[in-house]
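Data file: upload.tsv. Format and content: TSV, C-alpha atoms.
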chain	number	residue	atom	x	y	z
Z	1	GLY	CA	86.95	88.90	93.74
Z	2	SER	CA	87.08	90.90	96.95
Z	3	LEU	CA	90.08	88.91	98.25
Z	4	GLN	CA	92.03	88.79	95.00
Z	5	CYS	CA	95.30	90.63	94.43
Z	6	THR	CA	96.34	91.92	91.01
Z	7	GLY	CA	99.48	89.81	90.70
Z	8	LEU	CA	101.27	92.77	89.09
Z	9	ASP	CA	104.84	93.82	89.87
Z	10	ILE	CA	105.57	97.28	91.27
Z	11	GLY	CA	105.65	99.70	88.32
Z	12	GLN	CA	103.83	97.42	85.90
Z	13	TYR	CA	101.03	99.13	83.97
Z	14	VAL	CA	97.66	97.94	82.67
Z	15	ALA	CA	95.55	98.34	79.55
Z	16	VAL	CA	91.89	99.29	80.01
Z	17	ARG	CA	89.40	98.65	77.21
Z	18	GLY	CA	85.66	98.99	76.84
Z	19	GLU	CA	82.88	99.99	74.48
Z	20	ILE	CA	80.58	103.00	74.47
Z	21	ASP	CA	78.14	103.94	71.73
Z	22	GLY	CA	79.52	101.13	69.57
Z	23	GLU	CA	83.08	102.46	69.79
Z	24	THR	CA	85.90	100.47	71.37
Z	25	LEU	CA	88.22	102.65	73.45
Z	26	MET	CA	91.53	101.74	75.09
Z	27	GLY	CA	93.97	103.47	77.41
Z	28	TYR	CA	97.07	102.60	79.42
Z	29	PHE	CA	97.44	103.41	83.11
Z	30	SER	CA	99.77	102.79	86.04
Z	31	PRO	CA	98.01	101.52	89.16
Z	32	ILE	CA	98.35	103.66	92.27
Z	33	THR	CA	97.35	100.78	94.53
Z	34	ARG	CA	99.85	98.16	95.64
Z	35	PRO	CA	99.83	94.70	94.01
Z	36	THR	CA	99.05	93.22	97.44
Z	37	ASP	CA	95.93	95.36	98.00
Z	38	GLU	CA	92.95	93.01	97.98
Z	39	GLY	CA	89.88	93.44	95.80
Z	40	VAL	CA	90.84	96.76	94.21
Z	41	ILE	CA	93.02	98.27	91.53
Z	42	GLY	CA	93.17	102.06	91.48
Z	43	ILE	CA	94.28	104.21	88.54
Z	44	LEU	CA	94.92	107.93	88.13
Z	45	CYS	CA	93.61	109.51	84.95
Z	46	ARG	CA	92.62	112.86	83.52
Z	47	VAL	CA	88.98	113.42	82.65
Z	48	ASP	CA	89.49	116.51	80.50
Z	49	ALA	CA	90.40	116.72	76.81
Z	50	ARG	CA	94.06	116.03	77.58
Z	51	GLY	CA	93.11	112.61	78.91
Z	52	GLY	CA	92.38	111.30	75.42
Z	53	PRO	CA	89.36	109.41	74.04
Z	54	ILE	CA	89.41	106.87	76.88
Z	55	THR	CA	88.01	109.53	79.24
Z	56	LYS	CA	84.66	109.22	77.47
Z	57	LEU	CA	84.47	105.62	78.65
Z	58	LEU	CA	85.80	106.25	82.15
Z	59	GLN	CA	83.30	109.04	82.79
Z	60	HIS	CA	80.37	106.76	81.97
Z	61	ILE	CA	81.21	103.59	83.88
Z	62	ARG	CA	79.24	102.96	87.06
Z	63	PRO	CA	79.14	100.21	89.70
Z	64	GLY	CA	78.15	97.10	87.81
Z	65	SER	CA	79.65	98.24	84.51
Z	66	THR	CA	82.03	95.88	82.72
Z	67	ILE	CA	85.41	96.81	81.24
Z	68	GLN	CA	88.42	94.74	80.23
Z	69	MET	CA	91.79	95.10	81.95
Z	70	ARG	CA	95.05	93.45	81.03
Z	71	ALA	CA	98.54	93.45	82.58
Z	72	MET	CA	101.19	94.94	80.29
Z	73	GLY	CA	104.87	95.88	80.64
Z	74	GLY	CA	106.51	98.60	82.68
Z	75	LEU	CA	109.11	99.09	85.38
Z	76	ARG	CA	108.66	95.93	87.50
Z	77	ILE	CA	110.72	96.63	90.61
Z	78	LYS	CA	110.92	93.77	93.10
Z	79	PHE	CA	110.97	94.22	96.89
Z	80	HIS	CA	112.50	91.19	98.62
Z	81	PRO	CA	111.59	90.65	102.31
Z	82	LYS	CA	113.52	89.26	105.28
Z	83	PRO	CA	115.84	87.54	106.01
Z	84	ASN	CA	117.74	89.42	103.30
Z	85	PRO	CA	115.68	92.54	102.56
Z	86	HIS	CA	116.71	94.26	99.34
Z	87	ILE	CA	115.32	95.82	96.15
Z	88	THR	CA	116.11	94.65	92.64
Z	89	PHE	CA	115.47	95.83	89.11
Z	90	ARG	CA	116.33	93.49	86.23
Z	91	GLY	CA	118.38	91.39	88.62
Z	92	LYS	CA	120.48	94.30	89.94
Z	93	THR	CA	120.40	95.39	93.57
Z	94	ILE	CA	119.16	98.95	94.04
Z	95	ARG	CA	119.83	101.00	97.18
Z	96	ARG	CA	118.66	104.48	96.13
Z	97	ILE	CA	115.75	105.38	93.86
Z	98	GLY	CA	115.08	108.82	92.37
Z	99	LEU	CA	111.63	109.58	90.96
Z	100	LEU	CA	110.94	112.26	88.35
Z	101	ALA	CA	107.22	112.81	87.78
Z	102	GLY	CA	105.52	115.19	85.37
Z	103	GLY	CA	101.76	115.78	85.74
Z	104	THR	CA	99.79	112.51	85.90
Z	105	GLY	CA	103.15	110.72	85.72
Z	106	ILE	CA	102.84	110.75	89.51
Z	107	ALA	CA	100.67	107.59	89.25
Z	108	PRO	CA	103.39	104.90	89.09
Z	109	MET	CA	105.47	106.90	91.57
Z	110	LEU	CA	102.71	106.74	94.15
Z	111	GLN	CA	102.63	102.97	93.91
Z	112	ILE	CA	106.42	102.78	94.25
Z	113	ILE	CA	106.38	105.12	97.27
Z	114	ARG	CA	103.63	103.16	99.03
Z	115	ALA	CA	105.44	99.88	98.37
Z	116	TYR	CA	108.69	101.39	99.63
Z	117	GLY	CA	107.01	102.56	102.83
Z	118	ASN	CA	105.59	99.08	103.37
Z	119	PHE	CA	109.09	97.69	102.76
Z	120	VAL	CA	110.45	99.91	105.56
Z	121	LEU	CA	107.66	98.85	107.93
Z	122	GLN	CA	108.16	95.15	107.23
Z	123	ASN	CA	111.94	95.11	107.54
Z	124	GLY	CA	112.65	97.92	109.99
Z	125	PRO	CA	114.18	101.33	109.26
Z	126	ASP	CA	117.74	100.17	109.98
Z	127	ALA	CA	117.56	97.62	107.15
Z	128	VAL	CA	116.77	100.27	104.51
Z	129	THR	CA	119.15	102.91	103.11
Z	130	PRO	CA	118.48	106.36	104.68
Z	131	HIS	CA	116.98	108.84	102.20
Z	132	GLY	CA	116.80	105.98	99.73
Z	133	LEU	CA	113.71	107.31	97.94
Z	134	ASN	CA	113.45	110.86	96.60
Z	135	LEU	CA	110.79	112.41	94.36
Z	136	ILE	CA	110.77	115.57	92.26
Z	137	TYR	CA	107.24	116.29	91.07
Z	138	ALA	CA	106.68	118.83	88.27
Z	139	ALA	CA	103.37	120.34	87.16
Z	140	GLU	CA	102.04	123.41	85.39
Z	141	GLU	CA	100.19	124.86	88.37
Z	142	GLU	CA	99.13	123.95	91.89
Z	143	SER	CA	95.68	122.74	90.81
Z	144	ASP	CA	97.36	120.07	88.64
Z	145	LEU	CA	99.02	118.41	91.64
Z	146	ALA	CA	97.47	115.08	92.65
Z	147	TYR	CA	97.65	113.14	95.91
Z	148	MET	CA	99.59	115.80	97.78
Z	149	LYS	CA	98.05	114.84	101.14
Z	150	ILE	CA	99.12	111.23	100.60
Z	151	LEU	CA	102.65	112.32	99.68
Z	152	GLU	CA	102.85	114.54	102.75
Z	153	THR	CA	101.60	111.74	105.00
Z	154	LEU	CA	104.17	109.31	103.58
Z	155	ARG	CA	106.95	111.87	104.00
Z	156	ASP	CA	105.94	112.51	107.61
Z	157	THR	CA	105.64	108.78	108.33
Z	158	PHE	CA	109.04	107.95	106.81
Z	159	PRO	CA	111.10	111.14	107.27
Z	160	LEU	CA	114.43	109.29	107.18
Z	161	HIS	CA	113.61	107.40	103.98
Z	162	PHE	CA	111.36	109.47	101.71
Z	163	ARG	CA	111.55	113.11	100.60
Z	164	PHE	CA	109.82	115.04	97.83
Z	165	TYR	CA	110.09	118.42	96.16
Z	166	VAL	CA	107.57	120.12	93.88
Z	167	VAL	CA	108.34	122.34	90.87
Z	168	LEU	CA	105.56	124.46	89.34
Z	169	ASN	CA	105.74	126.29	86.03
Z	170	ARG	CA	103.08	128.78	87.13
Z	171	PRO	CA	103.26	128.91	90.92
Z	172	PRO	CA	100.82	130.82	93.15
Z	173	THR	CA	101.86	133.82	95.18
Z	174	GLY	CA	103.99	132.81	98.13
Z	175	TRP	CA	105.13	129.52	96.60
Z	176	TYR	CA	108.32	128.38	98.37
Z	177	GLN	CA	109.44	125.35	96.35
Z	178	GLY	CA	110.70	125.06	92.76
Z	179	VAL	CA	109.67	127.40	89.95
Z	180	GLY	CA	109.89	126.74	86.22
Z	181	PHE	CA	111.37	123.40	85.16
Z	182	ILE	CA	113.43	120.69	86.84
Z	183	GLU	CA	117.02	121.89	86.64
Z	184	PRO	CA	120.30	119.95	87.00
Z	185	MET	CA	120.81	121.55	90.42
Z	186	ASP	CA	117.48	120.11	91.59
Z	187	ILE	CA	118.67	116.62	90.70
Z	188	ARG	CA	122.05	117.16	92.36
Z	189	LYS	CA	120.49	118.43	95.60
Z	190	ARG	CA	117.23	116.50	95.83
Z	191	LEU	CA	117.33	113.25	93.86
Z	192	VAL	CA	120.26	110.77	93.86
Z	193	TYR	CA	123.69	112.19	93.11
Z	194	PRO	CA	126.41	111.44	92.26
Z	195	PRO	CA	125.15	108.31	90.49
Z	196	THR	CA	126.42	104.87	91.52
Z	197	ASP	CA	125.82	101.35	90.20
Z	198	GLU	CA	123.24	100.85	92.98
Z	199	ASP	CA	121.15	103.91	92.04
Z	200	MET	CA	118.30	104.20	89.60
Z	201	VAL	CA	116.04	107.01	88.41
Z	202	VAL	CA	112.47	106.40	87.30
Z	203	MET	CA	110.72	109.01	85.16
Z	204	CYS	CA	107.13	109.25	84.01
Z	205	GLY	CA	105.28	112.12	82.37
Z	206	PRO	CA	104.61	113.59	78.94
Z	207	PRO	CA	107.13	112.41	76.30
Z	208	VAL	CA	108.73	115.86	76.04
Z	209	PHE	CA	109.21	115.88	79.83
Z	210	GLU	CA	110.88	112.47	79.83
Z	211	MET	CA	113.09	113.41	76.88
Z	212	ALA	CA	114.30	116.52	78.72
Z	213	MET	CA	114.95	114.51	81.90
Z	214	ARG	CA	116.96	111.86	80.02
Z	215	LYS	CA	119.16	114.57	78.49
Z	216	THR	CA	119.68	116.19	81.88
Z	217	LEU	CA	120.59	112.89	83.53
Z	218	PHE	CA	123.04	112.07	80.72
Z	219	HIS	CA	124.82	115.42	81.19
Z	220	LEU	CA	125.01	114.74	84.94
Z	221	GLY	CA	126.86	111.48	84.36
Z	222	PHE	CA	124.02	108.96	84.48
Z	223	ASN	CA	123.88	106.28	81.81
Z	224	SER	CA	120.84	104.52	80.36
Z	225	SER	CA	121.28	101.49	82.64
Z	226	GLN	CA	120.68	103.80	85.62
Z	227	TRP	CA	117.28	105.13	84.56
Z	228	PHE	CA	113.91	103.86	83.47
Z	229	SER	CA	111.75	106.02	81.18
Z	230	PHE	CA	108.15	104.93	80.67
Z	231	ALA	CA	107.92	106.88	77.40
Z	232	ALA	CA	111.09	105.28	76.02
Z	233	ASP	CA	110.40	101.72	77.16
Z	234	ASP	CA	110.01	99.42	74.14
Z	235	ASN	CA	107.42	97.25	75.90
Z	236	ILE	CA	105.20	100.26	76.40
Z	237	SER	CA	105.84	102.14	73.18
Z	238	ALA	CA	104.76	99.13	71.17
Z	239	HIS	CA	101.27	99.41	72.61
Z	240	LEU	CA	100.76	103.18	72.37
Structure re-expressed in structure tokens:
Amino acid sequence: GSLQCTGLDIGQYVAVRGEIDGETLMGYFSPITRPTDEGVIGILCRVDARGGPITKLLQHIRPGSTIQMRAMGGLRIKFHPKPNPHITFRGKTIRRIGLLAGGTGIAPMLQIIRAYGNFVLQNGPDAVTPHGLNLIYAAEEESDLAYMKILETLRDTFPLHFRFYVVLNRPPTGWYQGVGFIEPMDIRKRLVYPPTDEDMVVMCGPPVFEMAMRKTLFHLGFNSSQWFSFAADDNISAHL
């Protein structure tokens, strides 16, 4: 209904299923809307060949069409409000969050960033760790970047709490941010470093991207309890 909320946790993903031409298609997506947004659940997906068979269904649905959607696993960060505002993941208090996004892996990050901004607004900037949320966003080229205006608006609205940096493999002329791949120095300078027990890194992107990021984090002194990888999560992998 128009006043319903999803009931999902921050970082939880959904399964989408429907039929077209007698074929049942299914895909898995991270919402970009907040769980508290009423009457809507937004997803980010590719509509080209790299988006998989589910794009055939998504391109043909119209207002009034029916599809099935189910809550699945995922990150599930919890934002606790006043009188004791804090963030937890699997029961552990988190003060700094680093986000590593590759391509459409920006989707769950956008939801986390929006929820974090709302957390700052609700509890006041002094109650939240300065520069507590940092994003490094990697893509092949500038045209692959999604929601840049939203990211810029959030950065400008919360300059003491959220920062982001973009790395392009094939940058345009005059590009002034990162070039190539996310390097250890990028993580040292722009994410969360050195790692502490109250830090966590969330990564989402193609499996090869997440594998490379896990290796880089390990060599920088992070351990597996300090990161969450969507591609490596057992709850997700079992459904892919």
Fill in the blank from the handout: Of Z:Pro108, Z:Gly102, Z:Pro125, Z:Pro159, the one nearest to Z:Pro85 when counting all atoms listed in the file is Z:Pro125
Problem - Shell of 12 Å around Z:Gly105, all atoms listed in the file, local chain residues under 3 positions omitted, as a VMD selection string - result: chain Z and resid 11 13 28 to 32 43 to 46 99 to 102 108 to 111 135 to 139 144 to 147 202 to 207 209 to 210 229 to 231
Requested write-out: C-alpha atoms of the selected residues, as a PDB file, in the frame of the given file:
ATOM      1  CA  GLY Z  11     105.650  99.700  88.320  1.00  0.00           C
ATOM      2  CA  TYR Z  13     101.030  99.130  83.970  1.00  0.00           C
ATOM      3  CA  TYR Z  28      97.070 102.600  79.420  1.00  0.00           C
ATOM      4  CA  PHE Z  29      97.440 103.410  83.110  1.00  0.00           C
ATOM      5  CA  SER Z  30      99.770 102.790  86.040  1.00  0.00           C
ATOM      6  CA  PRO Z  31      98.010 101.520  89.160  1.00  0.00           C
ATOM      7  CA  ILE Z  32      98.350 103.660  92.270  1.00  0.00           C
ATOM      8  CA  ILE Z  43      94.280 104.210  88.540  1.00  0.00           C
ATOM      9  CA  LEU Z  44      94.920 107.930  88.130  1.00  0.00           C
ATOM     10  CA  CYS Z  45      93.610 109.510  84.950  1.00  0.00           C
ATOM     11  CA  ARG Z  46      92.620 112.860  83.520  1.00  0.00           C
ATOM     12  CA  LEU Z  99     111.630 109.580  90.960  1.00  0.00           C
ATOM     13  CA  LEU Z 100     110.940 112.260  88.350  1.00  0.00           C
ATOM     14  CA  ALA Z 101     107.220 112.810  87.780  1.00  0.00           C
ATOM     15  CA  GLY Z 102     105.520 115.190  85.370  1.00  0.00           C
ATOM     16  CA  PRO Z 108     103.390 104.900  89.090  1.00  0.00           C
ATOM     17  CA  MET Z 109     105.470 106.900  91.570  1.00  0.00           C
ATOM     18  CA  LEU Z 110     102.710 106.740  94.150  1.00  0.00           C
ATOM     19  CA  GLN Z 111     102.630 102.970  93.910  1.00  0.00           C
ATOM     20  CA  LEU Z 135     110.790 112.410  94.360  1.00  0.00           C
ATOM     21  CA  ILE Z 136     110.770 115.570  92.260  1.00  0.00           C
ATOM     22  CA  TYR Z 137     107.240 116.290  91.070  1.00  0.00           C
ATOM     23  CA  ALA Z 138     106.680 118.830  88.270  1.00  0.00           C
ATOM     24  CA  ALA Z 139     103.370 120.340  87.160  1.00  0.00           C
ATOM     25  CA  ASP Z 144      97.360 120.070  88.640  1.00  0.00           C
ATOM     26  CA  LEU Z 145      99.020 118.410  91.640  1.00  0.00           C
ATOM     27  CA  ALA Z 146      97.470 115.080  92.650  1.00  0.00           C
ATOM     28  CA  TYR Z 147      97.650 113.140  95.910  1.00  0.00           C
ATOM     29  CA  VAL Z 202     112.470 106.400  87.300  1.00  0.00           C
ATOM     30  CA  MET Z 203     110.720 109.010  85.160  1.00  0.00           C
ATOM     31  CA  CYS Z 204     107.130 109.250  84.010  1.00  0.00           C
ATOM     32  CA  GLY Z 205     105.280 112.120  82.370  1.00  0.00           C
ATOM     33  CA  PRO Z 206     104.610 113.590  78.940  1.00  0.00           C
ATOM     34  CA  PRO Z 207     107.130 112.410  76.300  1.00  0.00           C
ATOM     35  CA  PHE Z 209     109.210 115.880  79.830  1.00  0.00           C
ATOM     36  CA  GLU Z 210     110.880 112.470  79.830  1.00  0.00           C
ATOM     37  CA  SER Z 229     111.750 106.020  81.180  1.00  0.00           C
ATOM     38  CA  PHE Z 230     108.150 104.930  80.670  1.00  0.00           C
ATOM     39  CA  ALA Z 231     107.920 106.880  77.400  1.00  0.00           C
TER      40      ALA Z 231
END
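Atom pair atom CA of Z:Glu141 / atom CA of Z:Leu168 has a distance of 5.5 Å (rounded to one decimal).
The space between atom CA of Z:Arg214 and atom CA of Z:Ala15 spans 25.3 Å.
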Fill in the blank from the handout: Correct to one decimal, the distance atom CA of Z:Pro194-atom CA of Z:Gln12 is 27.3 Å
Practice task
Determine, counting all atoms listed in the file, which protein, DNA and RNA residues have an atom within 12 Å of an atom of Z:Asn123; residues of the same chain fewer than 6 positions away are not included. Present the result as a PyMOL selection string.
Solution key: chain Z and resi 79-87+116-117+129
Handout entry: Contacts of Z:Thr6 within 9 Å, all atoms listed in the file, excl. fewer than 5 positions in-chain, as a list in words
Key = Arg34, Pro35, Thr36, Asp37, Glu38, Gly39, Val40, Ile41 and Ala71 of chain Z
Fill in the blank from the handout: Residue with the minimum atom-to-atom distance to Z:Leu57, picked from Z:Val16, Z:Ile94, Z:Leu154, Z:Phe218 with all atoms listed in the file counted, is Z:Val16
Problem - Pick from Z:Arg96, Z:Lys78, Z:His60, Z:Arg114, whichever lies nearest to Z:Trp227 using all atoms listed in the file - result: Z:Arg96
Practice task
Excluding Z:Ile77 and any residue of its chain fewer than 2 positions from it, enumerate the residues within 7 Å of it, using only C-alpha atoms, and give them as a VMD selection string.
Solution key: chain Z and resid 9 to 11 75 79 88 to 89
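Nearest to Z:Gly124 of all the residues Z:Phe158, Z:Gln177, Z:Leu220, Z:Gln4 is Z:Phe158, counting all atoms listed in the file.
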Practice task
Could you give me, as number ranges by chain, the residues that sit within 9 Å of (120.9, 111.8, 96.9) in the file's coordinates, counting all atoms listed in the file?
Solution key: Z: 96-98, 131-134, 187-195
Reconstruct stretch 50-75 of chain Z at the level of N, CA and C atoms, and format the result as a PDB file, keeping the file's coordinate frame.
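Result file selection.pdb:
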ATOM      1  N   ARG Z  50      92.691 116.523  77.634  1.00  0.00           N
ATOM      2  CA  ARG Z  50      94.060 116.030  77.580  1.00  0.00           C
ATOM      3  C   ARG Z  50      94.175 114.567  77.998  1.00  0.00           C
ATOM      4  N   GLY Z  51      93.093 114.009  78.522  1.00  0.00           N
ATOM      5  CA  GLY Z  51      93.110 112.610  78.910  1.00  0.00           C
ATOM      6  C   GLY Z  51      92.923 111.644  77.769  1.00  0.00           C
ATOM      7  N   GLY Z  52      92.557 112.156  76.582  1.00  0.00           N
ATOM      8  CA  GLY Z  52      92.380 111.300  75.420  1.00  0.00           C
ATOM      9  C   GLY Z  52      90.987 110.706  75.333  1.00  0.00           C
ATOM     10  N   PRO Z  53      90.701 109.968  74.257  1.00  0.00           N
ATOM     11  CA  PRO Z  53      89.360 109.410  74.040  1.00  0.00           C
ATOM     12  C   PRO Z  53      88.876 108.487  75.150  1.00  0.00           C
ATOM     13  N   ILE Z  54      89.806 107.816  75.847  1.00  0.00           N
ATOM     14  CA  ILE Z  54      89.410 106.870  76.880  1.00  0.00           C
ATOM     15  C   ILE Z  54      88.606 107.534  77.991  1.00  0.00           C
ATOM     16  N   THR Z  55      88.747 108.847  78.169  1.00  0.00           N
ATOM     17  CA  THR Z  55      88.010 109.530  79.240  1.00  0.00           C
ATOM     18  C   THR Z  55      86.507 109.447  79.019  1.00  0.00           C
ATOM     19  N   LYS Z  56      86.090 109.360  77.770  1.00  0.00           N
ATOM     20  CA  LYS Z  56      84.660 109.220  77.470  1.00  0.00           C
ATOM     21  C   LYS Z  56      84.104 107.952  78.116  1.00  0.00           C
ATOM     22  N   LEU Z  57      84.873 106.871  78.035  1.00  0.00           N
ATOM     23  CA  LEU Z  57      84.470 105.620  78.650  1.00  0.00           C
ATOM     24  C   LEU Z  57      84.513 105.704  80.173  1.00  0.00           C
ATOM     25  N   LEU Z  58      85.616 106.229  80.707  1.00  0.00           N
ATOM     26  CA  LEU Z  58      85.800 106.250  82.150  1.00  0.00           C
ATOM     27  C   LEU Z  58      84.767 107.127  82.856  1.00  0.00           C
ATOM     28  N   GLN Z  59      84.297 108.169  82.188  1.00  0.00           N
ATOM     29  CA  GLN Z  59      83.300 109.040  82.790  1.00  0.00           C
ATOM     30  C   GLN Z  59      81.914 108.409  82.840  1.00  0.00           C
ATOM     31  N   HIS Z  60      81.703 107.356  82.042  1.00  0.00           N
ATOM     32  CA  HIS Z  60      80.370 106.760  81.970  1.00  0.00           C
ATOM     33  C   HIS Z  60      80.239 105.428  82.701  1.00  0.00           C
ATOM     34  N   ILE Z  61      81.345 104.855  83.157  1.00  0.00           N
ATOM     35  CA  ILE Z  61      81.210 103.590  83.880  1.00  0.00           C
ATOM     36  C   ILE Z  61      80.659 103.841  85.278  1.00  0.00           C
ATOM     37  N   ARG Z  62      79.891 102.890  85.753  1.00  0.00           N
ATOM     38  CA  ARG Z  62      79.240 102.960  87.060  1.00  0.00           C
ATOM     39  C   ARG Z  62      79.397 101.606  87.746  1.00  0.00           C
ATOM     40  N   PRO Z  63      79.126 101.534  89.054  1.00  0.00           N
ATOM     41  CA  PRO Z  63      79.140 100.210  89.700  1.00  0.00           C
ATOM     42  C   PRO Z  63      78.268  99.223  88.944  1.00  0.00           C
ATOM     43  N   GLY Z  64      78.848  98.084  88.606  1.00  0.00           N
ATOM     44  CA  GLY Z  64      78.150  97.100  87.810  1.00  0.00           C
ATOM     45  C   GLY Z  64      78.521  97.111  86.343  1.00  0.00           C
ATOM     46  N   SER Z  65      79.186  98.178  85.893  1.00  0.00           N
ATOM     47  CA  SER Z  65      79.650  98.240  84.510  1.00  0.00           C
ATOM     48  C   SER Z  65      80.771  97.222  84.297  1.00  0.00           C
ATOM     49  N   THR Z  66      80.986  96.843  83.057  1.00  0.00           N
ATOM     50  CA  THR Z  66      82.030  95.880  82.720  1.00  0.00           C
ATOM     51  C   THR Z  66      83.047  96.505  81.775  1.00  0.00           C
ATOM     52  N   ILE Z  67      84.326  96.419  82.124  1.00  0.00           N
ATOM     53  CA  ILE Z  67      85.410  96.810  81.240  1.00  0.00           C
ATOM     54  C   ILE Z  67      86.465  95.724  81.279  1.00  0.00           C
ATOM     55  N   GLN Z  68      87.338  95.716  80.285  1.00  0.00           N
ATOM     56  CA  GLN Z  68      88.420  94.740  80.230  1.00  0.00           C
ATOM     57  C   GLN Z  68      89.713  95.387  80.714  1.00  0.00           C
ATOM     58  N   MET Z  69      90.513  94.610  81.438  1.00  0.00           N
ATOM     59  CA  MET Z  69      91.790  95.100  81.950  1.00  0.00           C
ATOM     60  C   MET Z  69      92.828  94.018  81.784  1.00  0.00           C
ATOM     61  N   ARG Z  70      93.994  94.419  81.304  1.00  0.00           N
ATOM     62  CA  ARG Z  70      95.050  93.450  81.030  1.00  0.00           C
ATOM     63  C   ARG Z  70      96.397  93.967  81.528  1.00  0.00           C
ATOM     64  N   ALA Z  71      97.188  93.091  82.143  1.00  0.00           N
ATOM     65  CA  ALA Z  71      98.540  93.450  82.580  1.00  0.00           C
ATOM     66  C   ALA Z  71      99.436  93.619  81.367  1.00  0.00           C
ATOM     67  N   MET Z  72     100.286  94.663  81.400  1.00  0.00           N
ATOM     68  CA  MET Z  72     101.190  94.940  80.290  1.00  0.00           C
ATOM     69  C   MET Z  72     102.630  94.942  80.805  1.00  0.00           C
ATOM     70  N   GLY Z  73     103.462  95.830  80.256  1.00  0.00           N
ATOM     71  CA  GLY Z  73     104.870  95.880  80.640  1.00  0.00           C
ATOM     72  C   GLY Z  73     105.100  96.900  81.748  1.00  0.00           C
ATOM     73  N   GLY Z  74     106.237  97.564  81.694  1.00  0.00           N
ATOM     74  CA  GLY Z  74     106.510  98.600  82.680  1.00  0.00           C
ATOM     75  C   GLY Z  74     107.797  98.364  83.447  1.00  0.00           C
ATOM     76  N   LEU Z  75     107.883  99.026  84.587  1.00  0.00           N
ATOM     77  CA  LEU Z  75     109.110  99.090  85.380  1.00  0.00           C
ATOM     78  C   LEU Z  75     109.444  97.745  86.045  1.00  0.00           C
TER      79      LEU Z  75
END
